[in-house]
file work_24.csv (CSV, C-alpha atoms)
chain,number,residue,atom,x,y,z
A,1,MET,CA,20.8,65.4,30.1
A,2,PRO,CA,20.3,63.1,27.1
A,3,ILE,CA,17.1,63.7,25.1
A,4,THR,CA,14.6,60.8,25.5
A,5,GLN,CA,12.8,60.0,22.4
A,6,ALA,CA,9.1,59.1,22.6
A,7,PRO,CA,8.4,55.5,21.5
A,8,LEU,CA,7.1,55.1,18.0
A,9,LYS,CA,3.3,54.8,17.8
A,10,ARG,CA,2.2,51.2,17.0
A,11,ARG,CA,0.3,51.2,13.8
A,12,HIS,CA,-3.2,49.7,13.8
A,13,VAL,CA,-4.0,47.6,10.7
A,14,VAL,CA,-7.2,45.8,9.9
A,15,HIS,CA,-8.0,42.9,7.6
A,16,LEU,CA,-11.5,42.6,6.2
A,17,THR,CA,-13.3,39.5,4.9
A,18,SER,CA,-17.0,38.8,4.3
A,19,VAL,CA,-16.4,35.3,3.1
A,20,HIS,CA,-13.5,33.6,4.9
A,21,GLN,CA,-13.6,32.0,8.4
A,22,ARG,CA,-11.7,33.8,11.2
A,23,TYR,CA,-8.9,31.3,11.3
A,24,ASP,CA,-8.4,31.2,7.5
A,25,THR,CA,-4.9,29.9,6.8
A,26,ARG,CA,-3.7,32.8,4.6
A,27,ILE,CA,-5.5,35.6,6.3
A,28,PHE,CA,-5.2,34.8,10.0
A,29,ILE,CA,-2.6,32.1,10.5
A,30,LYS,CA,-0.1,33.6,8.2
A,31,GLN,CA,-0.7,37.3,7.6
A,32,CYS,CA,-2.3,38.5,10.8
A,33,ARG,CA,0.0,36.6,13.0
A,34,SER,CA,3.1,37.7,11.1
A,35,LEU,CA,2.0,41.3,11.3
A,36,ALA,CA,1.3,41.0,15.1
A,37,LYS,CA,4.7,39.5,15.6
A,38,ALA,CA,6.3,42.4,13.6
A,39,GLY,CA,4.8,44.9,16.1
A,40,PHE,CA,1.5,46.0,14.5
A,41,ASP,CA,-1.8,46.2,16.3
A,42,VAL,CA,-3.9,43.8,14.3
A,43,SER,CA,-7.6,43.5,13.9
A,44,LEU,CA,-9.6,41.2,11.7
A,45,ILE,CA,-13.3,41.8,10.7
A,46,VAL,CA,-15.2,38.6,9.8
A,47,ALA,CA,-18.8,37.6,9.1
A,48,ASP,CA,-19.0,34.1,10.5
A,49,GLY,CA,-21.5,34.5,13.3
A,50,LYS,CA,-19.2,33.3,16.1
A,51,GLY,CA,-18.9,36.6,18.0
A,52,ASP,CA,-16.0,38.9,18.9
A,53,GLU,CA,-12.8,37.5,20.2
A,54,VAL,CA,-9.3,38.5,21.3
A,55,THR,CA,-6.9,35.7,20.4
A,56,GLU,CA,-3.8,34.6,22.3
A,57,ASP,CA,-1.7,36.5,19.8
A,58,GLY,CA,-3.4,39.7,20.8
A,59,ILE,CA,-5.4,39.9,17.5
A,60,ASN,CA,-8.8,41.5,17.9
A,61,ILE,CA,-11.5,39.7,15.9
A,62,TYR,CA,-14.7,41.6,15.2
A,63,ASP,CA,-17.7,39.6,13.9
A,64,VAL,CA,-20.5,41.4,12.0
A,65,GLY,CA,-22.7,38.3,12.0
A,66,THR,CA,-23.7,36.0,9.2
A,67,LEU,CA,-26.8,36.4,6.9
A,68,PRO,CA,-28.4,33.7,4.7
A,69,GLY,CA,-28.0,33.9,0.9
A,70,ARG,CA,-25.4,35.2,-1.5
A,71,LEU,CA,-27.2,38.5,-2.2
A,72,ASN,CA,-27.3,39.3,1.6
A,73,ARG,CA,-23.6,38.6,1.8
A,74,ILE,CA,-22.8,40.8,-1.2
A,75,PHE,CA,-24.9,43.8,-0.1
A,76,ARG,CA,-25.9,43.7,3.6
A,77,THR,CA,-22.9,41.9,5.0
A,78,THR,CA,-20.4,44.1,3.2
A,79,ARG,CA,-22.2,47.2,4.5
A,80,ARG,CA,-21.7,45.9,8.0
A,81,VAL,CA,-18.1,45.2,7.4
A,82,TYR,CA,-17.6,48.8,6.1
A,83,LEU,CA,-19.3,50.3,9.2
A,84,ARG,CA,-17.2,48.3,11.6
A,85,ALA,CA,-14.0,49.1,9.6
A,86,GLU,CA,-14.8,52.8,9.6
A,87,SER,CA,-15.4,52.7,13.4
A,88,LEU,CA,-11.9,51.3,14.1
A,89,ASN,CA,-10.2,54.3,12.4
A,90,ALA,CA,-7.1,52.3,11.6
A,91,ASP,CA,-4.0,53.3,9.8
A,92,LEU,CA,-4.2,50.6,7.1
A,93,TYR,CA,-6.9,48.3,5.7
A,94,GLN,CA,-6.4,45.1,3.7
A,95,PHE,CA,-9.5,43.4,2.2
A,96,HIS,CA,-9.6,39.9,0.8
A,97,ASP,CA,-12.8,39.6,-1.1
A,98,PRO,CA,-13.8,41.2,-4.4
A,99,GLU,CA,-17.2,42.2,-3.1
A,100,LEU,CA,-15.4,44.5,-0.7
A,101,PHE,CA,-14.1,46.8,-3.4
A,102,PRO,CA,-16.8,49.4,-2.6
A,103,THR,CA,-15.7,49.2,1.1
A,104,GLY,CA,-12.1,49.7,0.1
A,105,LEU,CA,-12.9,52.6,-2.1
A,106,LYS,CA,-14.9,54.3,0.6
A,107,LEU,CA,-12.0,53.9,3.1
A,108,ARG,CA,-9.6,55.2,0.5
A,109,HIS,CA,-11.8,58.2,-0.1
A,110,GLN,CA,-11.2,58.9,3.6
A,111,LYS,CA,-7.5,59.0,3.0
A,112,LYS,CA,-6.8,55.6,4.5
A,113,VAL,CA,-4.1,53.3,3.2
A,114,VAL,CA,-6.0,50.4,1.5
A,115,ILE,CA,-4.7,47.2,0.0
A,116,PHE,CA,-6.6,44.5,-2.1
A,117,ASP,CA,-5.3,41.0,-1.5
A,118,SER,CA,-6.3,39.0,-4.6
A,119,HIS,CA,-6.4,35.3,-3.7
A,120,GLU,CA,-7.7,34.4,-7.1
A,121,ASP,CA,-7.9,35.8,-10.6
A,122,VAL,CA,-11.5,36.8,-10.1
A,123,PRO,CA,-12.6,37.3,-13.7
A,124,LYS,CA,-11.2,33.9,-14.6
A,125,GLN,CA,-12.7,32.3,-11.5
A,126,MET,CA,-16.1,33.6,-12.6
A,127,LEU,CA,-15.9,31.5,-15.8
A,128,GLY,CA,-16.1,28.4,-13.6
A,129,LYS,CA,-19.0,29.4,-11.3
A,130,PRO,CA,-21.6,26.7,-11.4
A,131,TYR,CA,-24.4,29.0,-10.2
A,132,LEU,CA,-24.0,31.5,-13.1
A,133,ASN,CA,-26.0,31.2,-16.3
A,134,ALA,CA,-23.5,29.8,-18.9
A,135,PRO,CA,-24.3,32.3,-21.7
A,136,LEU,CA,-23.7,35.2,-19.3
A,137,LEU,CA,-20.4,34.0,-17.9
A,138,LYS,CA,-18.1,35.8,-20.4
A,139,LEU,CA,-20.2,39.0,-20.2
A,140,VAL,CA,-20.1,39.0,-16.3
A,141,ALA,CA,-16.4,38.2,-16.3
A,142,PHE,CA,-15.7,41.0,-18.8
A,143,ILE,CA,-17.7,43.5,-16.9
A,144,PHE,CA,-16.0,42.7,-13.6
A,145,ALA,CA,-12.5,42.7,-15.2
A,146,LYS,CA,-13.2,46.3,-16.3
A,147,TYR,CA,-14.5,47.3,-12.8
A,148,GLU,CA,-11.6,45.6,-11.1
A,149,SER,CA,-9.1,47.4,-13.3
A,150,TRP,CA,-10.8,50.8,-12.6
A,151,ALA,CA,-11.1,50.2,-8.8
A,152,VAL,CA,-7.7,48.7,-8.0
A,153,ARG,CA,-6.0,51.8,-9.5
A,154,ARG,CA,-7.7,53.9,-6.9
A,155,LEU,CA,-6.3,51.9,-4.0
A,156,SER,CA,-2.9,52.2,-2.3
A,157,ALA,CA,-1.6,48.8,-3.4
A,158,ALA,CA,-2.5,45.3,-4.4
A,159,ILE,CA,-1.2,41.9,-3.3
A,160,GLY,CA,-1.3,39.0,-5.7
A,161,ALA,CA,-1.3,35.5,-4.2
A,162,THR,CA,0.4,34.1,-7.3
A,163,PRO,CA,3.0,35.6,-9.7
A,164,TYR,CA,0.4,35.6,-12.5
A,165,ILE,CA,-2.1,37.8,-10.4
A,166,ALA,CA,0.7,40.1,-9.3
A,167,LYS,CA,1.9,40.6,-12.9
A,168,LYS,CA,-1.7,41.4,-14.0
A,169,PHE,CA,-2.0,44.2,-11.5
A,170,SER,CA,1.6,45.5,-12.1
A,171,ALA,CA,0.6,45.8,-15.8
A,172,MET,CA,-2.1,48.2,-14.7
A,173,SER,CA,0.6,50.5,-13.1
A,174,VAL,CA,-0.6,49.5,-9.6
A,175,HIS,CA,1.8,49.2,-6.7
A,176,THR,CA,1.8,45.4,-6.4
A,177,VAL,CA,3.6,42.8,-4.4
A,178,ASN,CA,3.5,39.0,-4.9
A,179,VAL,CA,2.9,37.3,-1.6
A,180,ASN,CA,2.6,33.6,-2.3
A,181,ASN,CA,0.5,31.4,-0.1
A,182,PHE,CA,3.4,29.1,0.9
A,183,PRO,CA,3.4,26.9,4.0
A,184,GLN,CA,5.2,27.7,7.3
A,185,ILE,CA,8.3,25.7,7.8
A,186,GLY,CA,7.7,22.9,10.3
A,187,GLU,CA,4.0,23.4,10.7
A,188,LEU,CA,2.9,20.2,9.0
A,189,GLU,CA,6.0,18.0,9.7
A,190,ASN,CA,5.3,14.6,11.2
A,191,CYS,CA,7.4,11.8,12.7
A,192,VAL,CA,5.4,8.8,11.4
A,193,PRO,CA,7.8,6.3,9.9
A,194,TRP,CA,7.1,5.4,6.3
A,195,SER,CA,6.9,1.7,7.3
A,196,ASP,CA,3.9,2.6,9.4
A,197,LYS,CA,2.0,4.6,6.8
A,198,GLU,CA,-1.3,3.3,5.6
A,199,ASP,CA,-2.0,2.4,2.0
A,200,GLU,CA,-3.8,5.8,1.7
A,201,ILE,CA,-3.6,9.0,-0.3
A,202,CYS,CA,-5.2,12.3,0.5
A,203,TYR,CA,-7.0,15.3,-0.9
A,204,VAL,CA,-7.3,18.4,1.3
A,205,GLY,CA,-9.3,21.4,0.4
A,206,GLY,CA,-12.7,22.5,-0.9
A,207,ILE,CA,-14.4,19.7,-2.8
A,208,ALA,CA,-16.1,20.5,-6.2
A,209,ALA,CA,-16.7,19.1,-9.6
A,210,ILE,CA,-14.3,21.6,-11.2
A,211,ARG,CA,-11.6,20.3,-8.7
A,212,GLY,CA,-11.7,16.8,-10.2
A,213,VAL,CA,-13.4,14.9,-7.4
A,214,ILE,CA,-15.5,12.7,-9.7
A,215,PRO,CA,-12.5,11.3,-11.8
A,216,LEU,CA,-10.5,11.0,-8.5
A,217,ILE,CA,-13.1,8.8,-6.8
A,218,THR,CA,-13.7,6.8,-10.0
A,219,SER,CA,-9.9,6.1,-10.2
A,220,LEU,CA,-10.0,4.3,-6.8
A,221,GLU,CA,-11.8,1.3,-8.4
A,222,LEU,CA,-9.1,1.1,-11.1
A,223,THR,CA,-6.0,0.8,-8.8
A,224,ARG,CA,-4.2,-2.5,-8.2
A,225,CYS,CA,-3.3,-1.5,-4.6
A,226,LYS,CA,-6.9,-0.6,-3.6
A,227,ALA,CA,-5.6,2.4,-1.7
A,228,ARG,CA,-8.1,4.4,0.3
A,229,LEU,CA,-8.6,8.1,-0.2
A,230,ASN,CA,-8.6,10.5,2.8
A,231,LEU,CA,-11.0,13.2,1.6
A,232,VAL,CA,-10.6,16.3,3.8
A,233,GLY,CA,-12.9,19.3,3.2
A,234,ASP,CA,-16.6,20.2,2.5
A,235,PHE,CA,-18.5,19.7,-0.8
A,236,SER,CA,-19.4,23.1,-2.3
A,237,GLU,CA,-22.3,21.6,-4.3
A,238,GLU,CA,-24.9,19.1,-3.0
A,239,SER,CA,-25.4,17.6,-6.5
A,240,THR,CA,-21.6,16.8,-6.8
A,241,GLU,CA,-21.7,15.2,-3.3
A,242,ARG,CA,-24.6,13.0,-4.3
A,243,THR,CA,-22.9,11.9,-7.5
A,244,ALA,CA,-19.6,11.2,-5.6
A,245,ILE,CA,-21.3,9.1,-2.9
A,246,ALA,CA,-23.2,7.1,-5.6
A,247,LEU,CA,-19.9,6.0,-7.3
A,248,SER,CA,-18.6,2.5,-6.5
A,249,GLY,CA,-15.2,4.0,-5.6
A,250,TRP,CA,-16.8,5.8,-2.6
A,251,ARG,CA,-16.5,2.6,-0.6
A,252,LEU,CA,-12.7,3.3,-0.6
A,253,VAL,CA,-13.1,6.9,0.7
A,254,ASN,CA,-12.5,8.0,4.3
A,255,SER,CA,-14.7,11.2,4.4
A,256,HIS,CA,-13.4,13.4,7.1
A,257,GLY,CA,-15.1,16.7,6.4
A,258,PHE,CA,-13.5,19.9,7.5
A,259,LEU,CA,-10.5,19.5,9.8
A,260,ASP,CA,-8.4,22.1,11.7
A,261,ARG,CA,-4.6,22.4,11.1
A,262,GLU,CA,-3.8,19.7,13.6
A,263,GLY,CA,-6.3,17.3,12.0
A,264,VAL,CA,-4.8,18.1,8.5
A,265,ARG,CA,-1.3,17.4,9.8
A,266,ASP,CA,-2.4,14.0,11.1
A,267,ILE,CA,-4.0,13.0,7.8
A,268,LEU,CA,-0.9,14.0,5.9
A,269,ALA,CA,1.2,12.0,8.3
A,270,ARG,CA,-0.7,8.8,7.5
A,271,SER,CA,-0.9,9.3,3.8
A,272,VAL,CA,1.5,8.1,1.1
A,273,ALA,CA,0.8,10.9,-1.4
A,274,GLY,CA,-1.3,14.0,-1.8
A,275,ILE,CA,-3.4,14.7,-4.9
A,276,VAL,CA,-4.6,18.0,-6.5
A,277,ASN,CA,-6.3,17.2,-9.8
A,278,PHE,CA,-8.0,20.4,-10.6
A,279,LEU,CA,-9.7,20.4,-14.1
A,280,PRO,CA,-8.1,22.8,-16.7
A,281,LEU,CA,-10.3,25.8,-16.2
A,282,PRO,CA,-8.9,29.3,-16.8
A,283,ASN,CA,-8.5,30.1,-13.1
A,284,HIS,CA,-6.8,26.8,-12.3
A,285,ILE,CA,-4.0,26.8,-14.9
A,286,ASP,CA,-2.1,29.7,-13.5
A,287,ALA,CA,-3.0,29.1,-9.8
A,288,GLN,CA,-0.7,27.9,-7.1
A,289,PRO,CA,-2.9,25.7,-4.8
A,290,ASN,CA,-1.9,26.0,-1.2
A,291,LYS,CA,-2.5,22.2,-0.7
A,292,MET,CA,0.2,21.4,-3.3
A,293,PHE,CA,2.9,23.1,-1.1
A,294,GLU,CA,1.4,21.7,2.1
A,295,TYR,CA,1.9,18.2,0.7
A,296,MET,CA,5.5,19.1,0.0
A,297,ALA,CA,6.0,20.6,3.5
A,298,ALA,CA,4.6,17.4,5.0
A,299,GLY,CA,7.1,15.3,3.0
A,300,ILE,CA,4.8,13.4,0.8
A,301,PRO,CA,4.9,13.3,-3.0
A,302,ILE,CA,2.3,15.0,-5.2
A,303,ILE,CA,-0.1,13.7,-7.9
A,304,ALA,CA,-1.1,16.9,-9.7
A,305,SER,CA,-2.7,18.2,-12.9
A,306,ASP,CA,-0.4,18.5,-15.8
A,307,PHE,CA,-0.4,22.3,-16.1
A,308,PRO,CA,2.8,24.2,-17.2
A,309,LEU,CA,3.3,26.1,-13.9
A,310,TRP,CA,2.6,23.0,-11.8
A,311,ARG,CA,4.8,20.9,-13.9
A,312,GLU,CA,7.7,23.4,-13.5
A,313,ILE,CA,7.3,23.3,-9.7
A,314,ILE,CA,6.8,19.6,-9.3
A,315,LEU,CA,9.2,18.1,-11.9
A,316,GLY,CA,11.7,20.9,-11.1
A,317,SER,CA,11.8,19.7,-7.5
A,318,ASN,CA,11.4,16.0,-8.4
A,319,CYS,CA,8.6,15.7,-5.8
A,320,GLY,CA,5.8,14.1,-7.7
A,321,VAL,CA,4.1,13.3,-11.0
A,322,CYS,CA,1.7,15.2,-13.3
A,323,ILE,CA,-1.3,13.6,-14.9
A,324,ASP,CA,-4.4,14.3,-16.9
A,325,PRO,CA,-6.8,15.4,-14.1
A,326,SER,CA,-9.9,14.1,-16.0
A,327,ASP,CA,-8.5,10.6,-16.7
A,328,PRO,CA,-9.3,8.1,-13.9
A,329,SER,CA,-6.9,5.6,-15.5
A,330,ALA,CA,-3.9,8.1,-15.3
A,331,ILE,CA,-4.8,8.9,-11.7
A,332,SER,CA,-5.0,5.3,-10.7
A,333,THR,CA,-1.6,4.6,-12.3
A,334,ALA,CA,0.0,7.4,-10.3
A,335,ILE,CA,-1.6,6.1,-7.1
A,336,ASP,CA,-0.2,2.7,-7.7
A,337,LYS,CA,3.2,4.2,-8.4
A,338,PHE,CA,3.6,5.6,-4.9
A,339,VAL,CA,1.5,3.2,-2.8
A,340,GLY,CA,3.3,0.3,-4.4
A,341,ASN,CA,6.8,1.8,-3.9
A,342,LYS,CA,6.9,3.6,-0.6
A,343,LYS,CA,10.7,4.0,-0.9
A,344,LEU,CA,10.2,6.1,-4.1
A,345,ALA,CA,7.4,8.0,-2.4
A,346,GLU,CA,9.6,8.8,0.6
A,347,GLN,CA,12.4,10.0,-1.6
A,348,MET,CA,10.2,12.3,-3.6
A,349,GLY,CA,8.5,13.5,-0.4
A,350,GLN,CA,11.9,14.5,1.0
A,351,ASN,CA,12.7,16.3,-2.2
A,352,GLY,CA,9.5,18.4,-1.8
A,353,LYS,CA,10.3,19.1,1.9
A,354,ARG,CA,13.7,20.4,0.9
A,355,ALA,CA,12.2,22.6,-1.8
A,356,VAL,CA,9.9,24.1,0.8
A,357,PHE,CA,12.7,24.8,3.2
A,358,GLU,CA,14.8,26.4,0.5
A,359,THR,CA,12.2,28.3,-1.6
A,360,TYR,CA,8.5,27.7,-1.1
A,361,ASN,CA,8.0,28.9,2.5
A,362,TRP,CA,6.0,31.6,4.3
A,363,GLN,CA,8.9,33.0,6.2
A,364,MET,CA,10.2,34.5,3.0
A,365,GLU,CA,6.8,35.7,1.9
A,366,GLU,CA,6.1,37.5,5.2
A,367,GLU,CA,9.1,39.7,4.8
A,368,LYS,CA,7.6,41.0,1.6
A,369,LEU,CA,4.2,41.7,3.3
A,370,ILE,CA,5.8,43.5,6.2
A,371,LYS,CA,8.0,45.6,3.9
A,372,LEU,CA,4.9,46.6,1.9
A,373,TYR,CA,3.2,47.8,5.1
A,374,GLN,CA,6.3,49.7,6.3
A,375,ASP,CA,6.6,51.4,2.9
A,376,LEU,CA,3.0,52.4,2.7
A,377,LEU,CA,2.9,53.7,6.3
A,378,LYS,CA,6.0,55.8,6.1
call {"tool": "encode", "arguments": {"input": "work_24.csv", "output": "structure tokens"}}
result
Amino acid sequence: MPITQAPLKRRHVVHLTSVHQRYDTRIFIKQCRSLAKAGFDVSLIVADGKGDEVTEDGINIYDVGTLPGRLNRIFRTTRRVYLRAESLNADLYQFHDPELFPTGLKLRHQKKVVIFDSHEDVPKQMLGKPYLNAPLLKLVAFIFAKYESWAVRRLSAAIGATPYIAKKFSAMSVHTVNVNNFPQIGELENCVPWSDKEDEICYVGGIAAIRGVIPLITSLELTRCKARLNLVGDFSEESTERTAIALSGWRLVNSHGFLDREGVRDILARSVAGIVNFLPLPNHIDAQPNKMFEYMAAGIPIIASDFPLWREIILGSNCGVCIDPSDPSAISTAIDKFVGNKKLAEQMGQNGKRAVFETYNWQMEEEKLIKLYQDLLK
């Protein structure tokens, strides 16, 4: 009789976050779903206060609850995340927030496979934190950089969300993979004819002073076309929100707040162009904002900050223009360029969509993620 082999054990993998929402685009929609589709048993630990859940994809979501205040999140919430993670006794853990380094190190001490997924260059990001005392910024960033370098070497691997971050960890002799936060092919496509589009542009994402919202709204008053701005996302600072609302250009803003993926798709469909005018802070210059690639995937041109990496992507794909992000006049000129010439906007939008299909898509990135998991779990 032929020998019947026992089926391979499904490996249980757990993603950990104390900050992000359960349906976060990078963590849940892309990574967790891709891993579940590849045959892993996937769990996600969050701290959003919405309770436990089993999704239609079979992904188990465990909620440790939400606590008020940044210090509670850093100390008490992370402790809850660790205890829940330990109780699951999984084969592999991937954490997404720098405050979870102690959790990752404890799990690694228990001989677990542990990965740090670095969405941002955290030391550089700290230099732009509005709630930190300015004279202490460089000191805090320096101390964390030393800690991060020490801690990440003790983990199984690291994932960089951009080539710059991945290169940083690789230089530390850490097993590193660059998994870019590119969009899924087809997710944000729409069938709205260009002749039916409104004289509108859009910004999608977190709204903050360092992300250029003030010069953006100021630019609306300077345009000849008087296009409206679809502003999608939540303000991270009340003071910035008050300043923005007080500007005369606010009368040309459609403020939508946070929208789900379907809502974002609808906004992109009605807009002539998408804008991402982050100010030139250290963490922005080498970043690859997800929204930039989502605009491309939706087939609309981009108005973006003139940073070397962004210029290479946008001008290399001929899918938009790069401007001084702090100059309202430059922003208004770019808005007029596309709203006043929808044929040009459509052509550049199609160029961007083609670039996503050929290069900047999640389907290629998920292969790198799955291979990393398979290599680590051999």
call {"tool": "residues_around", "arguments": {"input": "work_24.csv", "residues": "region 267-271 of chain A", "least_positions_apart": "3", "cutoff": "12 Å", "atoms": "all atoms listed in the file", "output": "ChimeraX atom specification"}}
result
/A:187-204,227-233,254-264,274-275,291-292,294-302,335,338-339,342,345-346,349
call {"tool": "closest_residue", "arguments": {"input": "work_24.csv", "among": "A:Ile314, A:Ile143, A:Ile331, A:Ile165", "to": "Leu216 (chain A)", "atoms": "only C-alpha atoms"}}
result
A:Ile331
call {"tool": "atom_distance", "arguments": {"input": "work_24.csv", "atom1": "CA of Asn60 (chain A)", "atom2": "CA of Arg153 (chain A)"}}
result
29.4 Å
call {"tool": "atom_distance", "arguments": {"input": "work_24.csv", "atom1": "CA of Cys32 (chain A)", "atom2": "CA of Leu376 (chain A)"}}
result
16.9 Å
call {"tool": "atom_distance", "arguments": {"input": "work_24.csv", "atom1": "CA of Leu127 (chain A)", "atom2": "CA of Val46 (chain A)"}}
result
26.6 Å
call {"tool": "closest_residue", "arguments": {"input": "work_24.csv", "among": "A:Thr240, A:Asn180, A:Ser43, A:Gln31", "to": "Arg11 (chain A)", "atoms": "all atoms listed in the file"}}
result
A:Ser43
call {"tool": "closest_residue", "arguments": {"input": "work_24.csv", "among": "A:Asp41, A:Glu221, A:Glu238, A:Asp24", "to": "Leu92 (chain A)", "atoms": "only C-alpha atoms"}}
result
A:Asp41
call {"tool": "residues_around", "arguments": {"input": "work_24.csv", "residues": "Phe235 (chain A)", "least_positions_apart": "4", "cutoff": "7 Å", "atoms": "all atoms listed in the file", "output": "PDB file with C-alpha atoms, in the coordinates of the input"}}
result
ATOM      1  CA  GLY A 206     -12.700  22.500  -0.900  1.00  0.00           C
ATOM      2  CA  ILE A 207     -14.400  19.700  -2.800  1.00  0.00           C
ATOM      3  CA  ALA A 208     -16.100  20.500  -6.200  1.00  0.00           C
ATOM      4  CA  GLU A 241     -21.700  15.200  -3.300  1.00  0.00           C
TER       5      GLU A 241
END
call {"tool": "closest_residue", "arguments": {"input": "work_24.csv", "among": "A:Phe169, A:Trp310, A:Tyr147, A:Tyr82", "to": "Thr17 (chain A)", "atoms": "only C-alpha atoms"}}
result
A:Tyr82
call {"tool": "closest_atom_pairs", "arguments": {"input": "work_24.csv", "of": "region 30-90 of chain A", "to": "region 106-118 of chain A", "cutoff": "9 Å", "atoms": "all atoms listed in the file", "output": "Markdown table"}}
result
| residue | atom | partner | partner_atom | distance |
| --- | --- | --- | --- | --- |
| A:Tyr82 | CA | A:Leu107 | CA | 8.1 |
| A:Ala85 | CA | A:Leu107 | CA | 8.3 |
| A:Glu86 | CA | A:Leu107 | CA | 7.2 |
| A:Asn89 | CA | A:Lys112 | CA | 8.7 |
| A:Ala90 | CA | A:Lys112 | CA | 7.8 |
call {"tool": "residues_around", "arguments": {"input": "work_24.csv", "residues": "Trp250 (chain A)", "least_positions_apart": "2", "cutoff": "9 Å", "atoms": "all atoms listed in the file", "output": "list of chain:residue names"}}
result
A:Ile217, A:Thr218, A:Leu220, A:Glu221, A:Leu229, A:Ala244, A:Ile245, A:Ala246, A:Leu247, A:Ser248, A:Leu252, A:Val253, A:Asn254
call {"tool": "residues_near_point", "arguments": {"input": "work_24.csv", "point": "(-5.7, 43.1, 15.8)", "cutoff": "10 Å", "atoms": "all atoms listed in the file", "output": "MDAnalysis selection string"}}
result
chainID A and resid 12:15 32:33 35:36 40:45 54:55 57:62
call {"tool": "closest_residue", "arguments": {"input": "work_24.csv", "among": "A:Ile185, A:His96, A:Asn341, A:Ala145", "to": "Arg26 (chain A)", "atoms": "all atoms listed in the file"}}
result
A:His96
